[in-house]
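J.: Next comes the structure file entry35.txt, holding compact mmCIF, C-alpha atoms.
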```txt
# COMPACT_ATOMS: atom_id res chain seq x y z
CA MET A 1 28.28 -28.87 -87.73
CA LEU A 2 26.21 -25.93 -86.42
CA ALA A 3 26.70 -22.56 -87.98
CA GLY A 4 28.09 -19.65 -85.99
CA PRO A 5 24.80 -17.75 -85.53
CA THR A 6 23.13 -20.92 -84.30
CA LEU A 7 25.82 -21.46 -81.67
CA VAL A 8 25.44 -17.88 -80.53
CA LEU A 9 21.69 -18.32 -80.24
CA ILE A 10 22.10 -21.54 -78.24
CA TRP A 11 24.63 -19.84 -75.99
CA GLN A 12 22.19 -17.01 -75.36
CA TYR A 13 19.42 -19.47 -74.47
CA VAL A 14 21.80 -21.25 -72.08
CA GLN A 15 22.65 -17.95 -70.41
CA ILE A 16 18.97 -17.10 -70.04
CA ALA A 17 18.24 -20.58 -68.66
CA ASN A 18 21.15 -20.30 -66.22
CA HIS A 19 19.85 -16.90 -65.14
CA TYR A 20 16.41 -18.32 -64.40
CA VAL A 21 17.92 -21.38 -62.67
CA VAL A 22 19.92 -19.08 -60.41
CA ARG A 23 16.80 -17.09 -59.69
CA LEU A 24 14.81 -20.22 -59.00
CA LYS A 25 17.50 -21.48 -56.65
CA LEU A 26 17.54 -18.13 -54.89
CA ILE A 27 13.77 -18.12 -54.58
CA LYS A 28 13.85 -21.71 -53.34
CA THR A 29 16.47 -20.80 -50.77
CA LEU A 30 14.45 -17.83 -49.58
CA LEU A 31 11.31 -19.94 -49.34
CA MET A 32 13.17 -22.54 -47.30
CA LYS A 33 14.45 -19.85 -44.95
CA LEU A 34 10.98 -18.41 -44.57
CA LYS A 35 9.63 -21.86 -43.88
CA ASP A 36 12.34 -22.51 -41.29
CA ASN A 37 11.65 -19.18 -39.65
CA LYS A 38 7.93 -19.93 -39.54
CA ARG A 39 8.64 -23.34 -38.02
CA LEU A 40 10.85 -21.71 -35.42
CA LEU A 41 8.19 -19.14 -34.59
CA ASP A 42 5.55 -21.86 -34.43
CA CYS A 43 7.74 -23.89 -32.08
CA GLU A 44 8.36 -20.88 -29.89
CA ARG A 45 4.65 -20.14 -29.84
CA GLU A 46 3.84 -23.73 -28.97
CA ASP A 47 6.46 -23.71 -26.24
CA ALA A 48 5.01 -20.52 -24.84
CA LEU A 49 1.48 -21.89 -24.94
CA GLY A 50 2.62 -25.18 -23.52
CA TRP A 51 4.43 -23.37 -20.73
CA ARG A 52 1.39 -21.23 -20.07
CA ASN A 53 -0.84 -24.26 -19.82
CA GLY A 54 1.74 -26.65 -18.47
CA LEU A 55 1.93 -28.14 -15.01
CA ASN A 56 5.25 -26.47 -14.21
CA ARG A 57 3.91 -22.96 -14.38
CA VAL A 58 2.03 -21.16 -11.61
CA ARG A 59 -1.62 -21.61 -12.52
CA ALA A 60 -3.37 -20.00 -9.56
CA VAL A 61 -2.74 -17.52 -6.78
CA PHE A 62 -4.52 -17.60 -3.42
CA PHE A 63 -4.77 -14.18 -1.77
CA ASP A 64 -5.38 -13.38 1.86
CA LEU A 65 -7.66 -10.35 2.33
CA ASP A 66 -6.92 -8.47 5.56
CA ASN A 67 -3.70 -6.43 5.52
CA THR A 68 -2.75 -8.11 2.25
CA LEU A 69 -5.17 -6.62 -0.26
CA ILE A 70 -6.89 -4.11 2.02
CA HIS A 71 -5.49 -2.12 4.97
CA THR A 72 -7.67 -3.59 7.72
CA ALA A 73 -5.45 -2.46 10.60
CA ALA A 74 -5.40 1.14 9.36
CA ALA A 75 -9.17 1.10 8.86
CA SER A 76 -9.63 -0.20 12.42
CA ARG A 77 -7.49 2.65 13.76
CA ARG A 78 -9.71 5.13 11.93
CA GLY A 79 -12.70 3.50 13.58
CA MET A 80 -11.12 3.86 17.02
CA LEU A 81 -10.50 7.56 16.43
CA GLU A 82 -14.17 8.08 15.63
CA VAL A 83 -15.20 6.29 18.82
CA ILE A 84 -12.84 8.49 20.84
CA LYS A 85 -14.49 11.57 19.31
CA LEU A 86 -17.92 10.19 20.17
CA LEU A 87 -17.02 9.47 23.79
CA GLN A 88 -15.41 12.86 24.24
CA SER A 89 -18.09 14.98 22.57
CA LYS A 90 -21.31 13.16 23.45
CA TYR A 91 -20.44 11.56 26.79
CA HIS A 92 -17.68 13.96 27.95
CA TYR A 93 -15.18 11.18 28.58
CA LYS A 94 -12.28 13.58 28.02
CA VAL A 95 -9.56 11.39 29.54
CA GLU A 96 -11.24 7.99 29.65
CA ALA A 97 -12.13 7.84 25.94
CA LYS A 98 -8.71 6.75 24.73
CA THR A 99 -8.31 4.28 27.61
CA ILE A 100 -11.62 2.63 26.74
CA CYS A 101 -10.61 2.31 23.07
CA ASP A 102 -7.16 0.97 23.93
CA LYS A 103 -8.67 -1.67 26.21
CA ALA A 104 -11.27 -2.62 23.61
CA GLN A 105 -8.60 -2.92 20.92
CA VAL A 106 -6.55 -5.32 23.04
CA LYS A 107 -9.60 -7.44 23.78
CA LEU A 108 -10.67 -7.50 20.12
CA SER A 109 -7.20 -8.62 19.07
CA LYS A 110 -7.48 -11.64 21.38
CA GLU A 111 -10.97 -12.74 20.33
CA CYS A 112 -11.49 -16.36 19.48
CA PHE A 113 -14.45 -16.94 17.22
CA HIS A 114 -16.08 -20.27 16.49
CA PRO A 115 -19.05 -20.37 14.09
CA SER A 116 -21.19 -22.45 16.46
CA SER A 117 -20.48 -20.44 19.62
CA THR A 118 -22.17 -17.03 19.33
CA CYS A 119 -23.07 -14.31 16.86
CA ILE A 120 -20.34 -11.89 15.85
CA THR A 121 -22.26 -8.83 17.10
CA ASP A 122 -22.46 -10.24 20.65
CA LEU A 123 -18.85 -11.35 20.49
CA ARG A 124 -17.56 -7.93 19.47
CA THR A 125 -19.87 -5.86 21.66
CA LEU A 126 -18.61 -7.61 24.79
CA PRO A 127 -15.04 -6.17 24.62
CA TRP A 128 -16.48 -2.67 24.49
CA GLU A 129 -18.77 -3.38 27.41
CA GLU A 130 -15.88 -4.76 29.46
CA ALA A 131 -13.58 -1.86 28.52
CA ILE A 132 -16.17 0.73 29.59
CA LEU A 133 -16.86 -1.11 32.85
CA GLU A 134 -13.16 -1.47 33.69
CA THR A 135 -12.49 2.19 32.97
CA LYS A 136 -15.61 3.90 34.36
CA GLY A 137 -16.82 1.37 36.91
CA GLY A 138 -20.46 1.15 37.95
CA ALA A 139 -23.03 -0.97 36.14
CA ALA A 140 -22.49 -2.50 32.70
CA ASN A 141 -23.57 -0.20 29.90
CA ARG A 142 -24.65 -2.45 27.04
CA LYS A 143 -26.27 0.36 25.07
CA LEU A 144 -23.11 2.47 25.01
CA ALA A 145 -21.03 -0.60 24.18
CA GLU A 146 -23.21 -1.31 21.15
CA GLU A 147 -23.01 2.33 20.04
CA CYS A 148 -19.21 2.20 20.21
CA TYR A 149 -19.04 -1.13 18.40
CA PHE A 150 -21.31 -0.15 15.52
CA LEU A 151 -19.53 3.18 15.02
CA TRP A 152 -16.15 1.44 14.97
CA LYS A 153 -17.45 -1.21 12.58
CA SER A 154 -19.14 1.18 10.13
CA THR A 155 -16.13 3.54 10.08
CA ARG A 156 -13.61 0.84 9.34
CA LEU A 157 -15.78 -0.63 6.59
CA GLN A 158 -15.84 2.80 4.95
CA HIS A 159 -12.04 2.76 4.86
CA MET A 160 -11.62 -0.79 3.56
CA ILE A 161 -10.81 0.15 0.00
CA LEU A 162 -9.17 -1.87 -2.73
CA ALA A 163 -6.55 0.54 -4.08
CA GLU A 164 -6.49 1.32 -7.79
CA ASP A 165 -2.99 -0.10 -8.26
CA VAL A 166 -4.07 -3.33 -6.56
CA LYS A 167 -7.11 -3.53 -8.83
CA ALA A 168 -4.87 -3.07 -11.87
CA MET A 169 -2.49 -5.79 -10.65
CA LEU A 170 -5.34 -8.27 -10.08
CA THR A 171 -6.80 -7.51 -13.49
CA GLU A 172 -3.50 -8.20 -15.24
CA LEU A 173 -2.75 -11.32 -13.20
CA ARG A 174 -6.15 -12.80 -13.99
CA LYS A 175 -5.27 -12.75 -17.68
CA GLU A 176 -2.56 -15.33 -16.94
CA VAL A 177 -3.62 -17.26 -13.81
CA ARG A 178 -6.69 -18.12 -11.74
CA LEU A 179 -7.24 -15.98 -8.65
CA LEU A 180 -8.85 -17.13 -5.39
CA LEU A 181 -9.54 -15.14 -2.24
CA LEU A 182 -8.79 -17.22 0.87
CA THR A 183 -9.60 -15.41 4.12
CA ASN A 184 -10.11 -16.45 7.72
CA GLY A 185 -12.82 -15.02 9.92
CA ASP A 186 -16.51 -14.91 10.65
CA ARG A 187 -18.72 -15.31 7.60
CA GLN A 188 -20.73 -12.14 8.14
CA THR A 189 -17.68 -10.01 8.94
CA GLN A 190 -15.67 -11.14 5.94
CA ARG A 191 -18.61 -10.88 3.54
CA GLU A 192 -19.18 -7.31 4.71
CA LYS A 193 -15.51 -6.51 4.02
CA ILE A 194 -15.67 -8.09 0.58
CA GLU A 195 -18.76 -6.05 -0.24
CA ALA A 196 -17.22 -2.87 1.17
CA CYS A 197 -14.05 -3.09 -0.92
CA ALA A 198 -15.91 -4.48 -3.97
CA CYS A 199 -13.28 -7.11 -4.71
CA GLN A 200 -15.47 -10.08 -5.62
CA SER A 201 -15.33 -9.50 -9.37
CA TYR A 202 -11.55 -9.88 -9.41
CA PHE A 203 -11.60 -13.52 -8.27
CA ASP A 204 -12.59 -16.85 -9.75
CA ALA A 205 -13.58 -18.12 -6.31
CA ILE A 206 -13.85 -16.92 -2.71
CA VAL A 207 -13.29 -19.13 0.34
CA ILE A 208 -14.06 -17.85 3.85
CA GLY A 209 -12.79 -19.75 6.87
CA GLY A 210 -15.97 -19.13 8.83
CA GLU A 211 -17.93 -21.00 6.17
CA GLN A 212 -15.66 -24.06 6.26
CA LYS A 213 -15.01 -26.82 8.80
CA GLU A 214 -11.48 -25.53 9.31
CA GLU A 215 -9.63 -22.25 8.72
CA LYS A 216 -6.06 -21.52 7.71
CA PRO A 217 -3.56 -23.02 8.47
CA ALA A 218 -5.48 -26.32 8.20
CA HIS A 219 -4.51 -28.01 4.95
CA SER A 220 -8.15 -29.00 4.29
CA ILE A 221 -9.16 -25.44 3.39
CA PHE A 222 -6.26 -25.21 0.94
CA TYR A 223 -7.22 -28.52 -0.68
CA HIS A 224 -10.81 -27.29 -0.92
CA SER A 225 -9.55 -24.13 -2.65
CA CYS A 226 -7.56 -26.21 -5.14
CA ASP A 227 -10.59 -28.39 -5.84
CA LEU A 228 -12.73 -25.33 -6.58
CA LEU A 229 -10.30 -24.36 -9.35
CA GLY A 230 -9.70 -27.92 -10.54
CA LEU A 231 -5.99 -27.66 -9.75
CA GLN A 232 -3.35 -29.40 -7.65
CA PRO A 233 -1.48 -27.77 -4.72
CA GLY A 234 1.67 -27.78 -6.81
CA ASP A 235 -0.03 -25.42 -9.28
CA CYS A 236 -0.82 -22.76 -6.68
CA VAL A 237 0.85 -19.96 -4.72
CA MET A 238 -0.33 -18.51 -1.40
CA VAL A 239 0.09 -14.79 -0.68
CA GLY A 240 -0.57 -13.33 2.76
CA ASP A 241 0.70 -11.25 5.66
CA THR A 242 0.50 -13.83 8.48
CA LEU A 243 3.19 -16.47 8.90
CA GLU A 244 1.14 -18.65 11.27
CA THR A 245 -1.88 -18.98 8.97
CA ASP A 246 -1.13 -18.00 5.36
CA ILE A 247 2.44 -19.26 5.12
CA GLN A 248 2.21 -22.21 7.49
CA GLY A 249 -0.96 -23.39 5.79
CA GLY A 250 0.50 -23.06 2.31
CA LEU A 251 3.58 -25.01 3.35
CA LYS A 252 1.57 -27.78 5.03
CA ALA A 253 -0.67 -28.14 1.99
CA GLY A 254 2.32 -28.48 -0.35
CA LEU A 255 1.65 -25.41 -2.49
CA LYS A 256 4.20 -24.49 -5.14
CA ALA A 257 5.28 -21.40 -3.21
CA THR A 258 4.33 -19.06 -0.38
CA VAL A 259 4.79 -15.28 -0.46
CA TRP A 260 4.86 -13.35 2.81
CA ILE A 261 3.79 -9.70 2.77
CA ASN A 262 6.08 -8.15 5.41
CA LYS A 263 5.08 -4.47 5.29
CA ASN A 264 6.85 -3.46 8.48
CA GLY A 265 10.11 -5.33 7.97
CA ILE A 266 9.49 -7.59 10.96
CA MET A 267 12.18 -10.09 11.85
CA PRO A 268 10.40 -13.46 12.22
CA LEU A 269 11.23 -15.80 15.07
CA LYS A 270 13.46 -18.77 14.36
CA SER A 271 10.53 -21.04 15.12
CA SER A 272 8.30 -19.28 12.58
CA PRO A 273 7.49 -20.98 9.27
CA MET A 274 9.84 -19.91 6.49
CA PRO A 275 8.15 -18.52 3.36
CA HIS A 276 9.63 -19.06 -0.08
CA TYR A 277 9.51 -15.33 -0.84
CA ILE A 278 9.29 -12.16 1.25
CA VAL A 279 8.05 -8.83 -0.14
CA SER A 280 7.09 -5.52 1.43
CA SER A 281 4.04 -4.96 -0.79
CA VAL A 282 1.56 -7.12 -2.64
CA LEU A 283 2.36 -5.03 -5.73
CA GLU A 284 5.69 -6.87 -5.93
CA LEU A 285 3.89 -10.14 -6.60
CA PRO A 286 4.01 -10.09 -10.45
CA ALA A 287 7.81 -9.98 -10.34
CA VAL A 288 7.84 -12.84 -7.83
CA LEU A 289 5.59 -14.98 -10.01
CA GLN A 290 7.83 -14.34 -12.97
CA SER A 291 10.81 -15.38 -10.86
CA ILE A 292 9.06 -18.58 -9.80
CA ASP A 293 8.26 -19.48 -13.43
CA CYS A 294 11.79 -18.70 -14.58
CA THR A 295 13.28 -20.80 -11.78
CA VAL A 296 11.12 -23.78 -12.69
CA SER A 297 11.91 -23.27 -16.39
CA ARG A 298 15.64 -23.44 -15.79
CA SER A 299 15.32 -26.56 -13.65
CA THR A 300 13.24 -28.52 -16.17
```
Since I need it in another form, could you write the structure as structure tokens?
T.:
Amino acid sequence: MLAGPTLVLIWQYVQIANHYVVRLKLIKTLLMKLKDNKRLLDCEREDALGWRNGLNRVRAVFFDLDNTLIHTAAASRRGMLEVIKLLQSKYHYKVEAKTICDKAQVKLSKECFHPSSTCITDLRTLPWEEAILETKGGAANRKLAEECYFLWKSTRLQHMILAEDVKAMLTELRKEVRLLLLTNGDRQTQREKIEACACQSYFDAIVIGGEQKEEKPAHSIFYHSCDLLGLQPGDCVMVGDTLETDIQGGLKAGLKATVWINKNGIMPLKSSPMPHYIVSSVLELPAVLQSIDCTVSRST
């Protein structure tokens, strides 16, 4: 039989062993919790990366240019004001100046350009020539018409500016999605606008209707845009201010969503194409994209 001191010593060793066992169990438990937390974080990170790269998420945004990213209409009005000043000061058309510009503006708004028909300078000088002739009478004045056209053109290009908040938005968006500029119009005219507002560096690709077989709303130009980015229509969103081209085209091509920039709060006709989203400013787009992603996330 063990002596008393020996039993005490054994009991003390048992207590020490139990103490270390408890500590080891505690450490093991903590390690398991840390491991579980790491696994959870890793899963969340993988889900986030998978969602970012997955097919369900918006992967590209197509932007219209005129009156979506730059204020083309406002720049054109500034150009008209300069022409009025020219006609009044240099040619003393005190009353007729505004009439000439109003007539030219109406004619310009109705122009129909086809790449194979005529050069853009001839096409856009003609409305000025006609407006002057209708207002002043007499013989056609081609020289004055050209002077008016080039002043209007140069002035509006000077005022086609990509705003700082728009630049910031594009910069942030490009960190998450591909960006493509999709604009209708004559090649020379649109390239001059792009150069004037210095927007090329914000996009992964630029597609101009005048350089393609068809313009918006033809689905072919949207498919071409998707091909340039290596994406499917269901990966892309179209953003623009014109229902008949931007929105109709995006819908026909089967894009994930269309976003209509309705700056003036216009009530569309019942026969007009129905966009998925309506905003008053392009700066609202990031919130819309987040909404699209969240909607798809909940439905999957």
J.: May I have the protein, DNA and RNA residues with any atom at most 6 Å from the point (-16.8, 4.5, 23.9), counting all atoms listed in the file, written as a ChimeraX atom specification?
T.: /A:83,87,148
J.: What is the atom CA of Thr258 of chain A to atom CA of Tyr277 of chain A distance in Å?
T.: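 These atoms are spaced 6.4 Å apart.
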J.: So which residues touch Phe62 of chain A within 8 Å, counting all atoms listed in the file, skipping near sequence neighbours fewer than 2 positions away, as number ranges by chain?
T.: A: 60, 64, 179-182, 236-239
J.: Name the residues in contact with Leu228 of chain A at a cut-off of 10 Å, using only C-alpha atoms, excluding same-chain residues fewer than 2 positions from it; report them as a PyMOL selection string.
T.: chain A and resi 180+204-207+222-226+230-231
J.: Go through A:Val279, A:Val58, A:Leu162, A:Ala131 one by one, measure the shortest atom-to-atom distance of each to Ala198 of chain A using only C-alpha atoms, and give the residue with the smallest value.
T.: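 Among A:Val279, A:Val58, A:Leu162, A:Ala131, it is A:Leu162 that comes nearest to Ala198 of chain A.
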J.: Using all atoms listed in the file, which of A:Thr135, A:Thr242, A:Ser109, A:Gln248 sits nearest Ile266 of chain A?
T.: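 Of the candidates, the smallest distance to Ile266 of chain A is held by A:Thr242.
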J.: Mind listing whatever residues come within 9 Å of the point (-1.4, -5.9, -7.2)? Use all atoms listed in the file, file coordinates, and give them as a list of chain:residue names.
T.: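 Output of the proximity query reads A:Leu69, A:Ala163, A:Glu164, A:Asp165, A:Val166, A:Lys167, A:Ala168, A:Met169, A:Leu170, A:Thr171, A:Glu172, A:Leu173, A:Ser281, A:Val282, A:Leu283, A:Glu284, A:Leu285, A:Pro286.
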